[in-house]
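A.B. asks: My structure is stored as run30.txt, with compact mmCIF, C-alpha atoms.
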# COMPACT_ATOMS: atom_id res chain seq x y z
CA MET A 157 139.35 42.16 37.77
CA ARG A 158 142.46 40.19 38.73
CA GLU A 159 141.68 37.56 36.08
CA ILE A 160 141.40 40.26 33.40
CA VAL A 161 144.77 41.73 34.40
CA VAL A 162 146.44 38.29 34.41
CA ARG A 163 144.93 37.45 31.01
CA ALA A 164 146.05 40.80 29.55
CA LEU A 165 149.61 40.51 30.91
CA SER A 166 150.10 36.91 29.77
CA GLY A 167 148.68 37.80 26.35
CA ILE A 168 151.06 40.75 26.00
CA ILE A 169 154.04 38.59 26.99
CA TYR A 170 153.05 35.89 24.50
CA VAL A 171 152.59 38.38 21.62
CA ALA A 172 155.86 40.15 22.51
CA LEU A 173 157.69 36.81 22.50
CA VAL A 174 156.29 35.91 19.07
CA ILE A 175 157.05 39.32 17.53
CA GLY A 176 160.44 39.68 19.23
CA SER A 177 161.67 36.23 18.19
CA ILE A 178 160.61 36.81 14.58
CA LEU A 179 162.15 40.27 14.23
CA TYR A 180 165.35 39.74 16.24
CA ALA A 181 166.96 37.07 14.03
CA LYS A 182 166.17 33.87 12.21
CA GLU A 183 168.01 31.93 14.93
CA SER A 184 165.72 33.29 17.66
CA PHE A 185 162.74 32.54 15.41
CA TYR A 186 163.90 28.93 15.01
CA ALA A 187 164.62 28.53 18.74
CA VAL A 188 161.39 30.02 20.11
CA PHE A 189 159.17 28.16 17.66
CA TYR A 190 160.98 24.92 18.40
CA ILE A 191 160.03 25.43 22.04
CA PHE A 192 156.47 26.23 20.97
CA MET A 193 156.37 23.00 18.95
CA MET A 194 157.60 20.95 21.91
CA LEU A 195 155.01 22.52 24.22
CA CYS A 196 152.19 21.99 21.72
CA LEU A 197 153.32 18.39 21.20
CA TYR A 198 153.39 17.84 24.96
CA GLU A 199 149.86 19.23 25.30
CA PHE A 200 148.58 17.22 22.35
CA LYS A 201 150.17 14.01 23.65
CA ASN A 202 148.31 14.50 26.91
CA LEU A 203 145.13 15.32 25.02
CA ILE A 204 145.12 12.05 23.06
CA HIS A 205 146.95 9.97 25.72
CA LEU A 206 150.00 9.27 23.57
CA SER A 207 152.66 7.40 25.55
CA TYR A 208 155.49 7.32 22.95
CA LYS A 209 158.12 9.66 24.40
CA TRP A 210 160.34 9.30 21.34
CA THR A 211 157.69 11.23 19.39
CA PHE A 212 159.63 14.30 20.61
CA ILE A 213 162.82 12.97 19.00
CA VAL A 214 161.16 12.31 15.64
CA ALA A 215 159.46 15.73 15.76
CA THR A 216 162.85 17.35 16.46
CA LEU A 217 164.41 15.59 13.47
CA ILE A 218 161.57 16.75 11.21
CA TYR A 219 161.96 20.31 12.49
CA LEU A 220 165.75 20.34 12.06
CA ASN A 221 165.39 19.05 8.50
CA PHE A 222 163.36 22.15 7.62
CA ILE A 223 165.76 24.63 9.21
CA GLU A 224 167.82 24.43 6.07
CA THR A 225 165.64 25.03 3.02
CA PRO A 226 164.55 21.57 1.84
CA THR A 227 165.13 20.60 -1.74
CA LEU A 228 161.87 20.10 -3.60
CA VAL A 229 161.64 17.80 -6.57
CA SER A 230 158.54 19.72 -7.53
CA LYS A 231 156.90 22.85 -6.14
CA TYR A 232 153.70 20.85 -5.90
CA LEU A 233 155.18 17.90 -4.00
CA HIS A 234 154.60 19.41 -0.56
CA PHE A 235 151.09 20.43 -1.55
CA LEU A 236 150.27 16.80 -2.30
CA LEU A 237 151.95 15.71 0.95
CA ILE A 238 150.06 18.25 3.05
CA THR A 239 146.76 17.43 1.38
CA SER A 240 147.19 13.69 1.90
CA LEU A 241 147.95 14.25 5.60
CA PHE A 242 145.40 16.94 6.40
CA ILE A 243 142.32 15.56 4.64
CA PRO A 244 142.07 12.64 7.14
CA VAL A 245 142.50 15.12 10.01
CA ILE A 246 139.78 17.41 8.60
CA TYR A 247 137.55 14.35 8.17
CA GLN A 248 137.67 13.80 11.93
CA LEU A 249 135.82 17.08 12.39
CA PHE A 250 132.67 15.73 10.76
CA ILE A 251 132.34 12.32 12.39
CA SER A 252 130.73 11.54 15.73
CA LYS A 253 133.89 10.12 17.34
CA ILE A 254 137.54 10.65 16.44
CA THR A 255 138.74 7.28 15.21
CA LEU A 256 142.45 8.07 15.10
CA THR A 257 142.58 8.08 18.91
CA SER A 258 141.76 4.38 19.03
CA SER A 259 145.34 3.11 18.57
CA LYS A 260 148.85 4.07 19.66
CA LEU A 261 150.02 4.03 16.04
CA GLY A 262 147.21 6.42 15.18
CA HIS A 263 148.30 8.61 18.10
CA TYR A 264 151.87 8.70 16.83
CA PHE A 265 151.19 9.58 13.19
CA LEU A 266 148.49 12.05 14.17
CA ALA A 267 150.90 13.90 16.49
CA LEU A 268 153.53 14.16 13.75
CA ALA A 269 151.05 15.19 11.05
CA TYR A 270 149.13 17.63 13.24
CA ILE A 271 152.00 19.24 15.19
CA ALA A 272 155.52 18.44 13.92
CA LEU A 273 155.05 18.79 10.16
CA PRO A 274 153.06 22.06 10.36
CA PHE A 275 155.71 23.65 12.60
CA ALA A 276 158.44 22.46 10.25
CA MET A 277 156.67 24.17 7.35
CA LEU A 278 155.79 27.24 9.41
CA ILE A 279 159.49 28.06 9.88
CA GLN A 280 159.93 27.99 6.09
CA VAL A 281 157.18 30.56 5.43
CA PRO A 282 159.45 33.65 5.74
CA PHE A 283 162.15 32.27 3.43
CA ILE A 284 161.96 33.39 -0.19
CA ASP A 285 164.87 32.35 -2.44
CA GLY A 286 166.86 31.48 0.67
CA GLU A 287 166.49 34.96 2.21
CA TYR A 288 164.83 35.50 5.58
CA HIS A 289 161.88 37.91 5.37
CA PRO A 290 160.51 38.23 8.93
CA LYS A 291 157.68 40.57 7.92
CA ILE A 292 156.06 37.75 5.94
CA ILE A 293 155.56 35.38 8.87
CA LEU A 294 154.77 38.33 11.15
CA SER A 295 152.05 39.37 8.68
CA VAL A 296 150.57 35.87 8.74
CA PHE A 297 150.34 36.08 12.54
CA VAL A 298 148.74 39.52 12.27
CA LEU A 299 146.10 38.09 9.93
CA ILE A 300 145.38 35.28 12.38
CA TRP A 301 145.15 37.68 15.33
CA ILE A 302 142.87 40.24 13.68
CA SER A 303 140.68 37.52 12.19
CA ASP A 304 140.26 35.86 15.62
CA THR A 305 139.70 39.19 17.36
CA PHE A 306 137.04 40.46 14.99
CA ALA A 307 135.36 37.06 14.79
CA TYR A 308 135.00 37.20 18.58
CA LEU A 309 133.84 40.85 18.64
CA VAL A 310 131.27 40.44 15.85
CA GLY A 311 130.12 37.04 17.09
CA SER A 312 129.64 38.20 20.69
CA THR A 313 127.76 41.33 19.58
CA ILE A 314 125.49 40.29 16.72
CA GLY A 315 126.18 36.58 16.27
CA LYS A 316 123.04 34.42 16.24
CA THR A 317 123.53 31.64 13.68
CA LYS A 318 125.68 28.84 15.08
CA LEU A 319 128.56 27.78 12.85
CA TYR A 320 129.07 24.24 14.16
CA LYS A 321 127.26 23.94 17.46
CA LYS A 322 128.16 20.39 18.44
CA VAL A 323 131.90 21.12 18.22
CA SER A 324 132.16 24.81 19.15
CA PRO A 325 128.83 26.21 20.42
CA ASN A 326 130.13 29.78 20.78
CA LYS A 327 131.20 30.25 17.16
CA THR A 328 128.71 31.90 14.82
CA ILE A 329 128.49 32.45 11.07
CA GLU A 330 128.26 36.20 11.66
CA GLY A 331 131.45 36.08 13.70
CA ALA A 332 133.23 34.04 11.04
CA LEU A 333 132.23 36.55 8.36
CA GLY A 334 133.48 39.38 10.57
CA GLY A 335 136.81 37.57 10.89
CA LEU A 336 137.01 37.06 7.13
CA VAL A 337 136.35 40.73 6.35
CA ALA A 338 138.96 41.77 8.94
CA ALA A 339 141.51 39.36 7.43
CA LEU A 340 140.90 40.73 3.92
CA ILE A 341 141.30 44.32 5.11
CA GLY A 342 144.44 43.25 6.96
CA GLY A 343 145.81 41.64 3.78
CA TYR A 344 145.19 44.87 1.91
CA LEU A 345 147.03 46.98 4.52
CA ILE A 346 149.90 44.48 4.72
CA SER A 347 150.39 44.67 0.94
CA LEU A 348 150.62 48.47 1.22
CA TYR A 349 152.87 48.90 4.25
CA LEU A 350 154.66 45.72 5.31
CA THR A 351 155.83 43.61 2.37
CA ASP A 352 156.59 43.76 -1.34
CA ILE A 353 154.27 40.86 -2.15
CA ALA A 354 151.43 41.96 -4.43
CA LEU A 355 147.94 42.69 -3.13
CA ILE A 356 146.31 39.77 -4.97
CA HIS A 357 148.62 37.34 -3.19
CA TRP A 358 147.87 38.80 0.25
CA ILE A 359 144.14 38.57 -0.48
CA ILE A 360 144.57 34.88 -1.33
CA ILE A 361 146.76 34.37 1.76
CA ALA A 362 144.07 36.09 3.87
CA PHE A 363 141.50 33.58 2.56
CA ILE A 364 143.91 30.70 3.31
CA VAL A 365 144.66 31.97 6.80
CA PHE A 366 140.99 32.54 7.59
CA GLY A 367 139.69 29.28 6.13
CA PHE A 368 142.34 26.89 7.37
CA GLY A 369 142.80 28.81 10.62
CA LEU A 370 139.09 28.36 11.36
CA LEU A 371 139.35 24.66 10.52
CA GLY A 372 142.35 24.34 12.85
CA ASP A 373 140.43 26.01 15.65
CA LEU A 374 137.42 23.73 15.16
CA ILE A 375 139.53 20.59 14.97
CA GLU A 376 141.34 21.40 18.20
CA SER A 377 137.95 22.06 19.80
CA LYS A 378 136.85 18.62 18.62
CA PHE A 379 139.91 16.99 20.21
CA LYS A 380 139.30 18.84 23.49
CA ARG A 381 135.61 17.93 23.47
CA GLU A 382 136.54 14.29 22.92
CA ALA A 383 139.01 14.50 25.83
CA GLY A 384 136.45 16.27 28.03
CA ILE A 385 138.62 19.32 28.77
CA LYS A 386 138.28 23.06 28.20
CA ASP A 387 141.93 24.05 27.59
CA SER A 388 144.93 22.11 26.28
CA SER A 389 146.88 23.21 29.40
CA ASN A 390 147.25 26.18 31.75
CA PHE A 391 150.70 27.26 30.55
CA ILE A 392 149.42 30.72 29.54
CA PRO A 393 147.36 32.10 32.46
CA GLY A 394 143.92 33.18 31.31
CA HIS A 395 144.46 31.83 27.80
CA GLY A 396 144.90 28.09 28.29
CA GLY A 397 147.74 26.31 26.53
CA PHE A 398 150.06 27.00 23.63
CA LEU A 399 148.01 24.70 21.43
CA ASP A 400 144.95 26.84 22.20
CA ARG A 401 146.82 29.92 21.00
CA LEU A 402 148.55 28.32 18.01
CA ASP A 403 145.89 25.94 16.67
CA SER A 404 144.92 28.30 13.82
CA ILE A 405 148.46 29.06 12.64
CA ILE A 406 149.44 25.39 12.90
CA PHE A 407 146.74 24.42 10.43
CA ALA A 408 147.07 27.44 8.13
CA ALA A 409 150.88 27.75 7.93
CA PRO A 410 151.55 24.69 5.68
CA PHE A 411 149.10 25.98 3.07
CA VAL A 412 150.56 29.50 3.23
CA TYR A 413 154.01 27.93 2.85
CA VAL A 414 152.95 25.99 -0.23
CA TYR A 415 151.23 28.99 -1.82
CA LEU A 416 154.20 31.31 -1.27
CA HIS A 417 156.66 28.80 -2.67
CA ILE A 418 154.49 28.10 -5.70
CA ILE A 419 154.19 31.81 -6.60
CA THR A 420 157.89 32.46 -6.03
Once you've parsed the file, please lay out its structure as C-alpha cells.

C.D. replies:
Amino acid sequence: MREIVVRALSGIIYVALVIGSILYAKESFYAVFYIFMMLCLYEFKNLIHLSYKWTFIVATLIYLNFIETPTLVSKYLHFLLITSLFIPVIYQLFISKITLTSSKLGHYFLALAYIALPFAMLIQVPFIDGEYHPKIILSVFVLIWISDTFAYLVGSTIGKTKLYKKVSPNKTIEGALGGLVAALIGGYLISLYLTDIALIHWIIIAFIVFGFGLLGDLIESKFKREAGIKDSSNFIPGHGGFLDRLDSIIFAAPFVYVYLHIIT
C-alpha cells in the first residue's frame, strides 16, 4: 500500500511540474526542461558508461542555441538531420548487441543525438511564427500520457501477443493498438477544445507521437537490458528515472517539431 501511495504522489508531482512549467511562462518551460535534459543525460551517461563530463557543456550549448528560434535554410533541413541521426539509433533496436556502446566516441555522439538534440527540438515545438503556444506542447504530452496509459490498461487486461519479447516482454500488440486508438481519440478532442490546429494535423501528430514514442520506449528498454538494469535511476520514487518517464517524448518530439514547422 505504501508503495502505491509513494508512486501516486511522485507521479502527481512530476505531472504537476511538467504542466505548471509549460503553462506558467516560456522561461519556466525552458528552465525546467533544461533540468530534465541534464538529469536524463546524467542517467544515460551512467547507463552507457560515458566518462566525458564535458558532454554536459556541449549539450547545454545545443540547448541554448534552440532557445532562440533557429534560422532554417530549408524547412526540410532538420528533417534530414533528424533522420540521419535517428535511423542508426533505431537500427540498434533490431541487432543482438548495441554496437555504439563499444567506444567512447560512440558514447559521446550517441548521448548528444539521443538526449541533447531531441530536448533542443522539444523546446521549439510550442513556437509557431515566433509566438509561444503552451497548449501545443502540453497536448503532445497529453497524447503521450493517454497512449501509455491505455496501452498498459489494454495490454494488462487482454494482451496476449507479444510485441517485441526479447526487448520488452510485457508489451503486447493488443496494448499497442489500445494506445494508438486512445492517441487518435485524444488528437480529435485536442483539435476541438485545446488548439486551433486542424483535426487532420492532430491525427497525424497522434500517429507520430504513438509510433515514435513506442520506438523511444523500446530503444530505452534495449539500452537498459544491455546494461542489466531495470530503471535508469531512482530519482522518481516508484517510477524509476526521468529517462524512464521521458523516453517516449524524447524520441517523438523532434518529429512533431519538424511536422509542425513544415505545415506552418

A.B. asks: Using all atoms listed in the file, determine which residues lie at most 8 Å from A:Gly343, disregarding the query and same-chain residues fewer than 3 positions distant; provide the list as a ChimeraX atom specification.

C.D. replies: /A:299,339-340,346-347,355,358-359,361-362

A.B. asks: Write the residues of the preceding selection, restricted to C-alpha atoms, as a PDB file, keeping the file's coordinate frame.

C.D. replies:
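Done, and the output landed in result_31.pdb:
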ATOM      1  CA  LEU A 299     146.100  38.090   9.930  1.00  0.00           C
ATOM      2  CA  ALA A 339     141.510  39.360   7.430  1.00  0.00           C
ATOM      3  CA  LEU A 340     140.900  40.730   3.920  1.00  0.00           C
ATOM      4  CA  ILE A 346     149.900  44.480   4.720  1.00  0.00           C
ATOM      5  CA  SER A 347     150.390  44.670   0.940  1.00  0.00           C
ATOM      6  CA  LEU A 355     147.940  42.690  -3.130  1.00  0.00           C
ATOM      7  CA  TRP A 358     147.870  38.800   0.250  1.00  0.00           C
ATOM      8  CA  ILE A 359     144.140  38.570  -0.480  1.00  0.00           C
ATOM      9  CA  ILE A 361     146.760  34.370   1.760  1.00  0.00           C
ATOM     10  CA  ALA A 362     144.070  36.090   3.870  1.00  0.00           C
TER      11      ALA A 362
END

A.B. asks: Up to 12 Å from (137.8, 42.1, 5.6) in the file's coordinates: name the residues, counting all atoms listed in the file, as a count of residues only.

C.D. replies: 25

A.B. asks: How far is it from atom CA of A:Ile213 to atom CA of A:Lys386, in Å with one decimal?

C.D. replies: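 If I compute the distance from atom CA of A:Ile213 to atom CA of A:Lys386, I get 28.1 Å.
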
A.B. asks: What would the list of residues within 10 Å of (161.5, 28.8, 13.2) (file frame) look like as a PyMOL selection string, if all atoms listed in the file are what count?

C.D. replies: chain A and resi 177-178+181-193+219-220+222-223+275-282+293

A.B. asks: Calculate how many Å separate atom CA of A:Ala383 from atom CA of A:Lys201, rounding to one decimal.

C.D. replies: 11.4 Å

A.B. asks: As an exercise, work out the distance from atom CA of A:Gly262 to atom CA of A:Leu374 in Å and give it to one decimal place.

C.D. replies: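 Distance between the two atoms: 19.9 Å.
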
A.B. asks: Just the residues within 12 Å of A:Asn202, please, counting all atoms listed in the file, with nothing from its chain fewer than 3 positions along; format it as a list in words.

C.D. replies: Leu195, Cys196, Leu197, Tyr198, Glu199, His205, Leu206, Ser207, Tyr208, Lys209, Thr257, His263, Ala267, Phe379, Lys380, Ala383, Ile385, Asp387, Ser388, Ser389, Gly397 and Leu399 of chain A

A.B. asks: Please identify all polymer residues within 12 Å of A:Pro325, counting all atoms listed in the file, omitting same-chain residues fewer than 4 positions from it, and present them as number ranges by chain.

C.D. replies: A: 311, 315-321, 329, 374, 377-378, 381
